[in-house]
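Quick look at input-v2.pdb (PDB, C-alpha atoms and all ligand atoms):
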```
ATOM      1  CA  MET A   1       0.000   0.000   0.000  1.00  0.00           C
ATOM      2  CA  ASP A   2       1.562   3.339  -0.984  1.00  0.00           C
ATOM      3  CA  ASP A   3       1.407   6.367   1.299  1.00  0.00           C
ATOM      4  CA  ARG A   4      -1.563   7.936  -0.433  1.00  0.00           C
ATOM      5  CA  ALA A   5      -3.612   4.713  -0.467  1.00  0.00           C
ATOM      6  CA  ALA A   6      -2.757   4.180   3.203  1.00  0.00           C
ATOM      7  CA  ALA A   7      -3.977   7.691   4.063  1.00  0.00           C
ATOM      8  CA  GLU A   8      -7.217   7.153   2.136  1.00  0.00           C
ATOM      9  CA  ALA A   9      -7.755   3.802   3.865  1.00  0.00           C
ATOM     10  CA  LEU A  10      -7.287   5.358   7.329  1.00  0.00           C
ATOM     11  CA  ILE A  11      -9.669   8.228   6.522  1.00  0.00           C
ATOM     12  CA  ALA A  12     -12.310   5.798   5.179  1.00  0.00           C
ATOM     13  CA  ALA A  13     -11.960   3.538   8.226  1.00  0.00           C
ATOM     14  CA  GLY A  14     -12.450   6.516  10.564  1.00  0.00           C
ATOM     15  CA  ARG A  15     -15.596   7.542   8.688  1.00  0.00           C
ATOM     16  CA  ARG A  16     -16.957   4.018   8.940  1.00  0.00           C
ATOM     17  CA  LEU A  17     -16.392   3.887  12.693  1.00  0.00           C
ATOM     18  CA  GLY A  18     -18.337   7.142  12.941  1.00  0.00           C
ATOM     19  CA  SER A  19     -21.159   6.061  10.632  1.00  0.00           C
ATOM     20  CA  ARG A  20     -21.693   2.937  12.756  1.00  0.00           C
ATOM     21  CA  GLY A  21     -21.856   4.892  16.001  1.00  0.00           C
ATOM     22  CA  LEU A  22     -18.712   3.214  17.288  1.00  0.00           C
ATOM     23  CA  ILE A  23     -16.825   6.430  18.118  1.00  0.00           C
ATOM     24  CA  SER A  24     -17.870   9.706  19.740  1.00  0.00           C
ATOM     25  CA  ALA A  25     -16.123  13.076  19.983  1.00  0.00           C
ATOM     26  CA  ALA A  26     -12.359  12.541  19.450  1.00  0.00           C
ATOM     27  CA  GLU A  27     -12.384   8.889  20.581  1.00  0.00           C
ATOM     28  CA  GLY A  28     -10.705   6.025  18.771  1.00  0.00           C
ATOM     29  CA  ASN A  29      -7.489   5.687  16.836  1.00  0.00           C
ATOM     30  CA  LEU A  30      -6.108   3.858  13.820  1.00  0.00           C
ATOM     31  CA  SER A  31      -2.709   3.111  12.351  1.00  0.00           C
ATOM     32  CA  VAL A  32      -1.319   1.433   9.255  1.00  0.00           C
ATOM     33  CA  ARG A  33       2.211   0.295   8.447  1.00  0.00           C
ATOM     34  CA  LEU A  34       3.658   2.267   5.508  1.00  0.00           C
ATOM     35  CA  ASP A  35       6.916   0.295   5.295  1.00  0.00           C
ATOM     36  CA  ALA A  36       9.462  -1.334   7.589  1.00  0.00           C
ATOM     37  CA  ASP A  37      10.354   2.029   9.155  1.00  0.00           C
ATOM     38  CA  ARG A  38       7.139   4.061   9.288  1.00  0.00           C
ATOM     39  CA  LEU A  39       3.545   3.973  10.559  1.00  0.00           C
ATOM     40  CA  LEU A  40       0.777   6.354   9.555  1.00  0.00           C
ATOM     41  CA  MET A  41      -1.475   7.203  12.503  1.00  0.00           C
ATOM     42  CA  THR A  42      -4.570   9.195  13.337  1.00  0.00           C
ATOM     43  CA  PRO A  43      -3.979  12.358  15.411  1.00  0.00           C
ATOM     44  CA  THR A  44      -5.035  13.158  18.948  1.00  0.00           C
ATOM     45  CA  GLY A  45      -7.833  15.631  19.594  1.00  0.00           C
ATOM     46  CA  LEU A  46      -9.697  15.413  16.278  1.00  0.00           C
ATOM     47  CA  ARG A  47     -12.842  13.504  15.290  1.00  0.00           C
ATOM     48  CA  LYS A  48     -11.783  10.353  13.425  1.00  0.00           C
ATOM     49  CA  ASP A  49     -14.766  10.540  11.074  1.00  0.00           C
ATOM     50  CA  GLU A  50     -13.813  14.007   9.774  1.00  0.00           C
ATOM     51  CA  LEU A  51     -10.093  13.568   9.055  1.00  0.00           C
ATOM     52  CA  VAL A  52      -8.225  14.779   5.962  1.00  0.00           C
ATOM     53  CA  ALA A  53      -4.847  13.495   4.761  1.00  0.00           C
ATOM     54  CA  ASP A  54      -2.946  16.423   6.318  1.00  0.00           C
ATOM     55  CA  ASP A  55      -4.235  15.439   9.792  1.00  0.00           C
ATOM     56  CA  LEU A  56      -2.421  12.068   9.734  1.00  0.00           C
ATOM     57  CA  VAL A  57       0.897  11.694  11.568  1.00  0.00           C
ATOM     58  CA  VAL A  58       3.912   9.693  10.383  1.00  0.00           C
ATOM     59  CA  VAL A  59       5.614   7.840  13.247  1.00  0.00           C
ATOM     60  CA  TRP A  60       8.958   6.035  13.144  1.00  0.00           C
ATOM     61  CA  PRO A  61       8.660   3.058  15.541  1.00  0.00           C
ATOM     62  CA  GLY A  62      12.464   2.803  15.756  1.00  0.00           C
ATOM     63  CA  HIS A  63      12.556   6.226  17.407  1.00  0.00           C
ATOM     64  CA  PRO A  64       8.962   7.231  18.200  1.00  0.00           C
ATOM     65  CA  ASP A  65       8.462  10.915  18.894  1.00  0.00           C
ATOM     66  CA  ARG A  66       5.385  12.075  20.793  1.00  0.00           C
ATOM     67  CA  GLU A  67       6.223  15.563  19.563  1.00  0.00           C
ATOM     68  CA  ALA A  68       5.841  14.487  15.905  1.00  0.00           C
ATOM     69  CA  ARG A  69       3.210  16.574  14.127  1.00  0.00           C
ATOM     70  CA  SER A  70       0.936  16.112  11.124  1.00  0.00           C
ATOM     71  CA  PRO A  71       1.092  18.722   8.339  1.00  0.00           C
ATOM     72  CA  SER A  72      -1.995  20.303   9.995  1.00  0.00           C
ATOM     73  CA  GLY A  73      -0.094  20.514  13.303  1.00  0.00           C
ATOM     74  CA  HIS A  74      -1.577  17.642  15.332  1.00  0.00           C
ATOM     75  CA  GLY A  75       0.347  15.134  17.429  1.00  0.00           C
ATOM     76  CA  PRO A  76      -0.076  11.345  17.308  1.00  0.00           C
ATOM     77  CA  SER A  77      -2.822   9.522  19.189  1.00  0.00           C
ATOM     78  CA  SER A  78      -2.529   9.372  22.982  1.00  0.00           C
ATOM     79  CA  ASP A  79      -2.688   5.588  22.466  1.00  0.00           C
ATOM     80  CA  LEU A  80       0.574   5.667  20.478  1.00  0.00           C
ATOM     81  CA  ALA A  81       2.082   3.079  22.857  1.00  0.00           C
ATOM     82  CA  ILE A  82      -0.633   0.526  21.992  1.00  0.00           C
ATOM     83  CA  HIS A  83      -0.022   0.893  18.262  1.00  0.00           C
ATOM     84  CA  LEU A  84       3.769   0.680  18.599  1.00  0.00           C
ATOM     85  CA  ALA A  85       3.560  -2.414  20.814  1.00  0.00           C
ATOM     86  CA  VAL A  86       1.050  -4.237  18.604  1.00  0.00           C
ATOM     87  CA  HIS A  87       2.862  -3.481  15.335  1.00  0.00           C
ATOM     88  CA  ALA A  88       6.113  -4.652  16.939  1.00  0.00           C
ATOM     89  CA  ALA A  89       4.472  -7.899  18.097  1.00  0.00           C
ATOM     90  CA  ARG A  90       2.504  -8.641  14.922  1.00  0.00           C
ATOM     91  CA  SER A  91       4.562  -8.229  11.743  1.00  0.00           C
ATOM     92  CA  ASP A  92       1.907 -10.354   9.977  1.00  0.00           C
ATOM     93  CA  ILE A  93      -0.666  -7.547  10.119  1.00  0.00           C
ATOM     94  CA  ALA A  94      -0.552  -4.007   8.712  1.00  0.00           C
ATOM     95  CA  ALA A  95      -3.294  -2.155  10.581  1.00  0.00           C
ATOM     96  CA  VAL A  96      -4.444  -1.574  14.172  1.00  0.00           C
ATOM     97  CA  ALA A  97      -7.798  -0.067  15.202  1.00  0.00           C
ATOM     98  CA  HIS A  98      -9.047   0.913  18.644  1.00  0.00           C
ATOM     99  CA  ALA A  99     -12.467   2.265  19.630  1.00  0.00           C
ATOM    100  CA  HIS A 100     -14.495   2.719  22.809  1.00  0.00           C
ATOM    101  CA  LEU A 101     -17.248   0.402  21.569  1.00  0.00           C
ATOM    102  CA  PRO A 102     -20.378   1.417  23.530  1.00  0.00           C
ATOM    103  CA  ALA A 103     -21.923  -2.013  24.182  1.00  0.00           C
ATOM    104  CA  SER A 104     -18.556  -3.521  25.072  1.00  0.00           C
ATOM    105  CA  MET A 105     -18.094  -0.831  27.707  1.00  0.00           C
ATOM    106  CA  SER A 106     -21.538  -1.295  29.274  1.00  0.00           C
ATOM    107  CA  LEU A 107     -21.119  -5.062  29.301  1.00  0.00           C
ATOM    108  CA  THR A 108     -17.666  -5.047  30.889  1.00  0.00           C
ATOM    109  CA  LEU A 109     -18.725  -2.310  33.327  1.00  0.00           C
ATOM    110  CA  ALA A 110     -21.358  -4.785  34.499  1.00  0.00           C
ATOM    111  CA  GLY A 111     -18.688  -7.477  34.859  1.00  0.00           C
ATOM    112  CA  GLU A 112     -19.822  -9.533  31.866  1.00  0.00           C
ATOM    113  CA  VAL A 113     -17.409 -11.056  29.339  1.00  0.00           C
ATOM    114  CA  PRO A 114     -19.029 -12.407  26.157  1.00  0.00           C
ATOM    115  CA  ASP A 115     -18.064 -15.718  24.559  1.00  0.00           C
ATOM    116  CA  PRO A 116     -17.363 -15.298  20.811  1.00  0.00           C
ATOM    117  CA  GLY A 117     -18.390 -18.935  20.333  1.00  0.00           C
ATOM    118  CA  ALA A 118     -22.000 -17.907  21.016  1.00  0.00           C
ATOM    119  CA  LEU A 119     -22.543 -16.436  17.534  1.00  0.00           C
ATOM    120  CA  PRO A 120     -21.613 -18.192  14.269  1.00  0.00           C
ATOM    121  CA  GLU A 121     -20.018 -15.083  12.764  1.00  0.00           C
ATOM    122  CA  THR A 122     -17.764 -14.309  15.731  1.00  0.00           C
ATOM    123  CA  ALA A 123     -17.030 -18.001  16.308  1.00  0.00           C
ATOM    124  CA  PHE A 124     -15.642 -18.074  12.774  1.00  0.00           C
ATOM    125  CA  HIS A 125     -13.904 -14.685  12.517  1.00  0.00           C
ATOM    126  CA  LEU A 126     -12.926 -14.091  16.166  1.00  0.00           C
ATOM    127  CA  PRO A 127     -12.657 -17.536  17.755  1.00  0.00           C
ATOM    128  CA  ARG A 128     -10.416 -16.087  20.460  1.00  0.00           C
ATOM    129  CA  LEU A 129     -11.286 -12.782  22.129  1.00  0.00           C
ATOM    130  CA  PRO A 130      -8.965 -12.274  25.118  1.00  0.00           C
ATOM    131  CA  PHE A 131     -10.303 -10.050  27.891  1.00  0.00           C
ATOM    132  CA  LEU A 132      -7.973  -7.673  29.731  1.00  0.00           C
ATOM    133  CA  ALA A 133      -8.643  -6.089  33.118  1.00  0.00           C
ATOM    134  CA  PHE A 134      -8.640  -2.306  33.175  1.00  0.00           C
ATOM    135  CA  GLY A 135      -5.307  -0.581  32.594  1.00  0.00           C
ATOM    136  CA  GLU A 136      -4.389   3.083  32.673  1.00  0.00           C
ATOM    137  CA  MET A 137      -5.211   4.637  29.307  1.00  0.00           C
ATOM    138  CA  GLY A 138      -2.109   5.554  27.324  1.00  0.00           C
ATOM    139  CA  SER A 139       0.197   3.562  29.616  1.00  0.00           C
ATOM    140  CA  GLN A 140       3.020   1.300  28.469  1.00  0.00           C
ATOM    141  CA  GLU A 141       1.741  -1.347  30.888  1.00  0.00           C
ATOM    142  CA  LEU A 142      -1.605  -1.574  29.076  1.00  0.00           C
ATOM    143  CA  ALA A 143       0.086  -1.481  25.660  1.00  0.00           C
ATOM    144  CA  ASP A 144       2.343  -4.398  26.602  1.00  0.00           C
ATOM    145  CA  ARG A 145      -0.578  -6.503  27.878  1.00  0.00           C
ATOM    146  CA  ILE A 146      -2.563  -5.830  24.687  1.00  0.00           C
ATOM    147  CA  ALA A 147       0.367  -6.808  22.462  1.00  0.00           C
ATOM    148  CA  ALA A 148       0.933  -9.973  24.504  1.00  0.00           C
ATOM    149  CA  ALA A 149      -2.761 -10.944  24.272  1.00  0.00           C
ATOM    150  CA  LEU A 150      -2.633 -10.570  20.486  1.00  0.00           C
ATOM    151  CA  THR A 151       0.450 -12.810  20.268  1.00  0.00           C
ATOM    152  CA  VAL A 152       0.562 -16.574  20.533  1.00  0.00           C
ATOM    153  CA  PRO A 153       3.475 -17.557  22.749  1.00  0.00           C
ATOM    154  CA  ASP A 154       3.876 -21.159  21.618  1.00  0.00           C
ATOM    155  CA  GLY A 155       2.514 -20.945  18.086  1.00  0.00           C
ATOM    156  CA  ASP A 156       0.088 -23.796  18.748  1.00  0.00           C
ATOM    157  CA  GLU A 157      -3.049 -21.921  17.824  1.00  0.00           C
ATOM    158  CA  SER A 158      -3.766 -18.897  15.669  1.00  0.00           C
ATOM    159  CA  ALA A 159      -3.240 -15.515  17.259  1.00  0.00           C
ATOM    160  CA  ALA A 160      -6.247 -13.476  18.385  1.00  0.00           C
ATOM    161  CA  ALA A 161      -7.463 -10.804  15.968  1.00  0.00           C
ATOM    162  CA  ALA A 162      -8.981  -8.606  18.668  1.00  0.00           C
ATOM    163  CA  VAL A 163      -8.824  -8.040  22.395  1.00  0.00           C
ATOM    164  CA  LEU A 164     -11.601  -6.802  24.684  1.00  0.00           C
ATOM    165  CA  LEU A 165     -10.646  -4.164  27.269  1.00  0.00           C
ATOM    166  CA  GLU A 166     -12.505  -3.695  30.536  1.00  0.00           C
ATOM    167  CA  ARG A 167     -14.522  -0.434  30.272  1.00  0.00           C
ATOM    168  CA  HIS A 168     -12.303   0.666  27.380  1.00  0.00           C
ATOM    169  CA  GLY A 169     -13.625  -0.880  24.170  1.00  0.00           C
ATOM    170  CA  ALA A 170     -11.447  -3.094  22.027  1.00  0.00           C
ATOM    171  CA  VAL A 171      -8.309  -3.243  19.896  1.00  0.00           C
ATOM    172  CA  ALA A 172      -8.320  -5.167  16.612  1.00  0.00           C
ATOM    173  CA  VAL A 173      -5.685  -5.925  13.984  1.00  0.00           C
ATOM    174  CA  GLY A 174      -6.059  -6.558  10.256  1.00  0.00           C
ATOM    175  CA  ARG A 175      -4.354  -6.690   6.884  1.00  0.00           C
ATOM    176  CA  ASP A 176      -5.558  -3.101   6.289  1.00  0.00           C
ATOM    177  CA  PRO A 177      -7.614  -0.510   8.234  1.00  0.00           C
ATOM    178  CA  ALA A 178     -10.965  -1.726   6.824  1.00  0.00           C
ATOM    179  CA  HIS A 179     -10.196  -5.290   7.925  1.00  0.00           C
ATOM    180  CA  ALA A 180      -9.326  -4.137  11.455  1.00  0.00           C
ATOM    181  CA  VAL A 181     -12.533  -2.054  11.632  1.00  0.00           C
ATOM    182  CA  ASN A 182     -14.585  -5.056  10.460  1.00  0.00           C
ATOM    183  CA  ARG A 183     -13.270  -6.943  13.457  1.00  0.00           C
ATOM    184  CA  LEU A 184     -14.113  -4.090  15.840  1.00  0.00           C
ATOM    185  CA  GLU A 185     -17.650  -4.100  14.417  1.00  0.00           C
ATOM    186  CA  LEU A 186     -17.947  -7.822  15.111  1.00  0.00           C
ATOM    187  CA  VAL A 187     -16.787  -7.363  18.711  1.00  0.00           C
ATOM    188  CA  GLU A 188     -19.492  -4.734  19.164  1.00  0.00           C
ATOM    189  CA  VAL A 189     -22.181  -6.941  17.554  1.00  0.00           C
ATOM    190  CA  LEU A 190     -21.210  -9.754  19.934  1.00  0.00           C
ATOM    191  CA  CYS A 191     -21.352  -7.443  22.959  1.00  0.00           C
ATOM    192  CA  ARG A 192     -24.664  -5.874  21.907  1.00  0.00           C
ATOM    193  CA  THR A 193     -26.237  -9.291  21.349  1.00  0.00           C
ATOM    194  CA  TRP A 194     -24.882 -10.622  24.633  1.00  0.00           C
ATOM    195  CA  ARG A 195     -26.169  -7.562  26.505  1.00  0.00           C
ATOM    196  CA  ASP A 196     -29.606  -7.764  24.868  1.00  0.00           C
ATOM    197  CA  ALA A 197     -29.902 -11.470  25.672  1.00  0.00           C
ATOM    198  CA  LEU A 198     -29.095 -10.740  29.328  1.00  0.00           C
ATOM    199  CA  LEU A 199     -31.694  -7.966  29.420  1.00  0.00           C
ATOM    200  CA  ILE A 200     -34.369 -10.163  27.833  1.00  0.00           C
ATOM    201  CA  ARG A 201     -33.645 -12.956  30.285  1.00  0.00           C
ATOM    202  CA  ALA A 202     -33.798 -10.502  33.187  1.00  0.00           C
ATOM    203  CA  ALA A 203     -37.081  -9.060  31.921  1.00  0.00           C
ATOM    204  CA  ARG A 204     -38.587 -12.530  31.592  1.00  0.00           C
ATOM    205  CA  ALA A 205     -37.456 -13.439  35.086  1.00  0.00           C
ATOM    206  CA  GLY A 206     -38.933 -10.213  36.442  1.00  0.00           C
ATOM    207  CA  VAL A 207     -42.347 -10.078  34.793  1.00  0.00           C
ATOM    208  CA  GLY A 208     -42.940 -13.537  33.409  1.00  0.00           C
ATOM    209  CA  ILE A 209     -43.747 -14.263  29.789  1.00  0.00           C
ATOM    210  CA  VAL A 210     -44.920 -11.157  27.928  1.00  0.00           C
ATOM    211  CA  ASP A 211     -47.755 -11.900  25.522  1.00  0.00           C
ATOM    212  CA  ALA A 212     -47.615 -10.529  21.991  1.00  0.00           C
ATOM    213  CA  PRO A 213     -50.369  -7.885  21.449  1.00  0.00           C
ATOM    214  CA  SER A 214     -52.442 -10.210  19.258  1.00  0.00           C
ATOM    215  CA  VAL A 215     -52.423 -12.916  21.947  1.00  0.00           C
ATOM    216  CA  ALA A 216     -53.307 -10.391  24.649  1.00  0.00           C
ATOM    217  CA  ARG A 217     -56.356  -9.146  22.665  1.00  0.00           C
ATOM    218  CA  GLU A 218     -57.527 -12.711  22.167  1.00  0.00           C
ATOM    219  CA  LEU A 219     -57.269 -13.368  25.913  1.00  0.00           C
ATOM    220  CA  GLU A 220     -59.160 -10.169  26.719  1.00  0.00           C
ATOM    221  CA  GLY A 221     -62.004 -11.229  24.409  1.00  0.00           C
ATOM    222  CA  ARG A 222     -62.643 -14.469  26.307  1.00  0.00           C
TER     223      ARG A 222
HETATM  224 ZN    ZN B 301      -8.999   4.283  24.253  1.00  0.00          ZN
END
```
Rewritten as structure tokens:
Amino acid sequence: MDDRAAAEALIAAGRRLGSRGLISAAEGNLSVRLDADRLLMTPTGLRKDELVADDLVVVWPGHPDREARSPSGHGPSSDLAIHLAVHAARSDIAAVAHAHLPASMSLTLAGEVPDPGALPETAFHLPRLPFLAFGEMGSQELADRIAAALTVPDGDESAAAAVLLERHGAVAVGRDPAHAVNRLELVEVLCRTWRDALLIRAARAGVGIVDAPSVARELEGR
């Protein structure tokens, strides 16, 4: 992927996160590997669904500089450490995406961790979804745990494509930004479905079986 295509892919991925309601305000961040020496990354402080090419920041992982600036004057994402750690751990992927997925945050706030095996789509595309306890946002400690969770230590099974963070959304990897965003979307679908199933079960337990309107009218007529 050349630099221009990489920039367009990052901008499109940011718009898609916004159009799906997966990011709010200046949340979320994305990066893509340009070559062996450089990453292209979304900036801090700007909406990720309204970016232009001049907002994107080039980062050199060999000597990362938090003072690096995009042509429009913006620094790299505050989650720079996550992107550096994951790209260093996963040379087989080219893109990293992170978003504060709303349903994943409500679910993990409530202490629930969904099983990707529950849905056919996530069982196939995200058979492993490691869950990480809360870590300080922007910290090296959290970045290292995320990179480790996305890496298979013994090579016995395939590496995870996404990791779920307690009260902090998810991080996904992919061959390009769209692929990584697809995986974030699937994590959110899993969490939304899991949450809704819990709510329906709780409602049933609380009020008993709820009759459909047509059934209720029939009962009233007796
Ligand atoms: Zn975050």
Item checked: Residue members of the PyMOL selection byres (((not hetatm)) within 8 of (chain B and resi 301)) in the file shown, as a PyMOL selection string -> chain A and resi 27-29+79+98-100+137-138+168-169
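Of the residues under consideration (A:Ala95, A:Val58, A:Ala162, A:Ala170), A:Ala95 shows the shortest atom-to-atom contact distance to Met1 of chain A when counting all atoms listed in the file.
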Check: If we count all atoms listed in the file, what is near Ser104 of chain A at a cut-off of 12 Å, once residues fewer than 2 positions away on the same chain are taken out, given as a VMD selection string?
Finding: chain A and resid 22 99 to 102 106 to 114 131 163 to 171 184 to 196
Output C-alpha atoms of each residue in that selection to a file, as a PDB file, keeping the file's coordinate frame.
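Output saved as again.pdb:
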```
ATOM      1  CA  LEU A  22     -18.712   3.214  17.288  1.00  0.00           C
ATOM      2  CA  ALA A  99     -12.467   2.265  19.630  1.00  0.00           C
ATOM      3  CA  HIS A 100     -14.495   2.719  22.809  1.00  0.00           C
ATOM      4  CA  LEU A 101     -17.248   0.402  21.569  1.00  0.00           C
ATOM      5  CA  PRO A 102     -20.378   1.417  23.530  1.00  0.00           C
ATOM      6  CA  SER A 106     -21.538  -1.295  29.274  1.00  0.00           C
ATOM      7  CA  LEU A 107     -21.119  -5.062  29.301  1.00  0.00           C
ATOM      8  CA  THR A 108     -17.666  -5.047  30.889  1.00  0.00           C
ATOM      9  CA  LEU A 109     -18.725  -2.310  33.327  1.00  0.00           C
ATOM     10  CA  ALA A 110     -21.358  -4.785  34.499  1.00  0.00           C
ATOM     11  CA  GLY A 111     -18.688  -7.477  34.859  1.00  0.00           C
ATOM     12  CA  GLU A 112     -19.822  -9.533  31.866  1.00  0.00           C
ATOM     13  CA  VAL A 113     -17.409 -11.056  29.339  1.00  0.00           C
ATOM     14  CA  PRO A 114     -19.029 -12.407  26.157  1.00  0.00           C
ATOM     15  CA  PHE A 131     -10.303 -10.050  27.891  1.00  0.00           C
ATOM     16  CA  VAL A 163      -8.824  -8.040  22.395  1.00  0.00           C
ATOM     17  CA  LEU A 164     -11.601  -6.802  24.684  1.00  0.00           C
ATOM     18  CA  LEU A 165     -10.646  -4.164  27.269  1.00  0.00           C
ATOM     19  CA  GLU A 166     -12.505  -3.695  30.536  1.00  0.00           C
ATOM     20  CA  ARG A 167     -14.522  -0.434  30.272  1.00  0.00           C
ATOM     21  CA  HIS A 168     -12.303   0.666  27.380  1.00  0.00           C
ATOM     22  CA  GLY A 169     -13.625  -0.880  24.170  1.00  0.00           C
ATOM     23  CA  ALA A 170     -11.447  -3.094  22.027  1.00  0.00           C
ATOM     24  CA  VAL A 171      -8.309  -3.243  19.896  1.00  0.00           C
ATOM     25  CA  LEU A 184     -14.113  -4.090  15.840  1.00  0.00           C
ATOM     26  CA  GLU A 185     -17.650  -4.100  14.417  1.00  0.00           C
ATOM     27  CA  LEU A 186     -17.947  -7.822  15.111  1.00  0.00           C
ATOM     28  CA  VAL A 187     -16.787  -7.363  18.711  1.00  0.00           C
ATOM     29  CA  GLU A 188     -19.492  -4.734  19.164  1.00  0.00           C
ATOM     30  CA  VAL A 189     -22.181  -6.941  17.554  1.00  0.00           C
ATOM     31  CA  LEU A 190     -21.210  -9.754  19.934  1.00  0.00           C
ATOM     32  CA  CYS A 191     -21.352  -7.443  22.959  1.00  0.00           C
ATOM     33  CA  ARG A 192     -24.664  -5.874  21.907  1.00  0.00           C
ATOM     34  CA  THR A 193     -26.237  -9.291  21.349  1.00  0.00           C
ATOM     35  CA  TRP A 194     -24.882 -10.622  24.633  1.00  0.00           C
ATOM     36  CA  ARG A 195     -26.169  -7.562  26.505  1.00  0.00           C
ATOM     37  CA  ASP A 196     -29.606  -7.764  24.868  1.00  0.00           C
TER      38      ASP A 196
END
```
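Comparing A:Ala149, A:Ile23, A:Ala88, A:Val207 by their smallest distance to Val181 of chain A, the closest is A:Ile23 (using all atoms listed in the file).
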Check: Which polymer residues have any atom within 12 Å of an atom of Ile11 of chain A, counting only C-alpha atoms, with same-chain residues fewer than 6 positions away left out, as an NGL selection string?
Finding: :A and (4-5 or 17-18 or 29-32 or 40-43 or 47-56 or 177-178 or 181)
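The closest residue to Ala6 of chain A, picked from A:Asp65, A:Ser24, A:Arg175, A:Asp115 and counting only C-alpha atoms, is A:Arg175.
Across the model, the gap from atom CA of Pro64 of chain A to atom CA of Ala160 of chain A is 25.7 Å.
Our summary of the geometry notes that atom CA of Val96 of chain A is positioned 8.1 Å from atom CA of Asp176 of chain A.
Counting from atom CA of Ala89 of chain A, the distance to atom CA of Val57 of chain A is 21.0 Å.
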Margin query: So, with all atoms listed in the file as the atoms that count, which of A:Arg90, A:Ile200, A:Glu136, A:Glu121 lies closest to Ala159 of chain A?
Written below: A:Arg90
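If you measure from each of A:Leu150, A:Ala205, A:Leu132, A:Ala103 to His83 of chain A using all atoms listed in the file, the closest one turns out to be A:Leu150.
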Around the point (-6.9, -20.4, 18.5) (coordinates from the file), which residues reach within 12 Å if we count all atoms listed in the file? Answer as a tab-separated table (two decimals) with C-alpha atoms, in the frame of the given file.
```
chain	number	residue	atom	x	y	z
A	116	PRO	CA	-17.36	-15.30	20.81
A	117	GLY	CA	-18.39	-18.93	20.33
A	123	ALA	CA	-17.03	-18.00	16.31
A	124	PHE	CA	-15.64	-18.07	12.77
A	125	HIS	CA	-13.90	-14.68	12.52
A	126	LEU	CA	-12.93	-14.09	16.17
A	127	PRO	CA	-12.66	-17.54	17.76
A	128	ARG	CA	-10.42	-16.09	20.46
A	129	LEU	CA	-11.29	-12.78	22.13
A	130	PRO	CA	-8.96	-12.27	25.12
A	149	ALA	CA	-2.76	-10.94	24.27
A	150	LEU	CA	-2.63	-10.57	20.49
A	151	THR	CA	0.45	-12.81	20.27
A	152	VAL	CA	0.56	-16.57	20.53
A	153	PRO	CA	3.48	-17.56	22.75
A	154	ASP	CA	3.88	-21.16	21.62
A	155	GLY	CA	2.51	-20.94	18.09
A	156	ASP	CA	0.09	-23.80	18.75
A	157	GLU	CA	-3.05	-21.92	17.82
A	158	SER	CA	-3.77	-18.90	15.67
A	159	ALA	CA	-3.24	-15.52	17.26
A	160	ALA	CA	-6.25	-13.48	18.39
A	161	ALA	CA	-7.46	-10.80	15.97
A	162	ALA	CA	-8.98	-8.61	18.67
```
Please complete segment 164-172 of chain A with N, CA, C and O atoms and give it back as a PDB file, keeping the file's coordinate frame.
```pdb
ATOM      1  N   LEU A 164     -10.560  -7.590  24.025  1.00  0.00           N
ATOM      2  CA  LEU A 164     -11.601  -6.802  24.684  1.00  0.00           C
ATOM      3  C   LEU A 164     -11.012  -6.183  25.953  1.00  0.00           C
ATOM      4  O   LEU A 164     -10.369  -6.880  26.740  1.00  0.00           O
ATOM      5  N   LEU A 165     -11.225  -4.876  26.130  1.00  0.00           N
ATOM      6  CA  LEU A 165     -10.646  -4.164  27.269  1.00  0.00           C
ATOM      7  C   LEU A 165     -11.751  -3.779  28.251  1.00  0.00           C
ATOM      8  O   LEU A 165     -12.783  -3.239  27.839  1.00  0.00           O
ATOM      9  N   GLU A 166     -11.506  -4.041  29.527  1.00  0.00           N
ATOM     10  CA  GLU A 166     -12.505  -3.695  30.536  1.00  0.00           C
ATOM     11  C   GLU A 166     -12.788  -2.187  30.513  1.00  0.00           C
ATOM     12  O   GLU A 166     -11.872  -1.378  30.685  1.00  0.00           O
ATOM     13  N   ARG A 167     -14.047  -1.832  30.287  1.00  0.00           N
ATOM     14  CA  ARG A 167     -14.522  -0.434  30.272  1.00  0.00           C
ATOM     15  C   ARG A 167     -13.766   0.458  29.288  1.00  0.00           C
ATOM     16  O   ARG A 167     -13.746   1.668  29.426  1.00  0.00           O
ATOM     17  N   HIS A 168     -13.148  -0.136  28.270  1.00  0.00           N
ATOM     18  CA  HIS A 168     -12.303   0.666  27.380  1.00  0.00           C
ATOM     19  C   HIS A 168     -12.369   0.177  25.937  1.00  0.00           C
ATOM     20  O   HIS A 168     -11.438   0.365  25.163  1.00  0.00           O
ATOM     21  N   GLY A 169     -13.463  -0.501  25.568  1.00  0.00           N
ATOM     22  CA  GLY A 169     -13.625  -0.880  24.170  1.00  0.00           C
ATOM     23  C   GLY A 169     -12.786  -2.060  23.757  1.00  0.00           C
ATOM     24  O   GLY A 169     -12.648  -3.034  24.509  1.00  0.00           O
ATOM     25  N   ALA A 170     -12.205  -1.967  22.562  1.00  0.00           N
ATOM     26  CA  ALA A 170     -11.447  -3.094  22.027  1.00  0.00           C
ATOM     27  C   ALA A 170     -10.342  -2.595  21.110  1.00  0.00           C
ATOM     28  O   ALA A 170     -10.369  -1.456  20.641  1.00  0.00           O
ATOM     29  N   VAL A 171      -9.372  -3.486  20.877  1.00  0.00           N
ATOM     30  CA  VAL A 171      -8.309  -3.243  19.896  1.00  0.00           C
ATOM     31  C   VAL A 171      -8.359  -4.409  18.927  1.00  0.00           C
ATOM     32  O   VAL A 171      -8.464  -5.570  19.352  1.00  0.00           O
ATOM     33  N   ALA A 172      -8.320  -4.110  17.620  1.00  0.00           N
ATOM     34  CA  ALA A 172      -8.320  -5.167  16.612  1.00  0.00           C
ATOM     35  C   ALA A 172      -7.188  -4.929  15.620  1.00  0.00           C
ATOM     36  O   ALA A 172      -6.763  -3.792  15.415  1.00  0.00           O
TER      37      ALA A 172
END
```
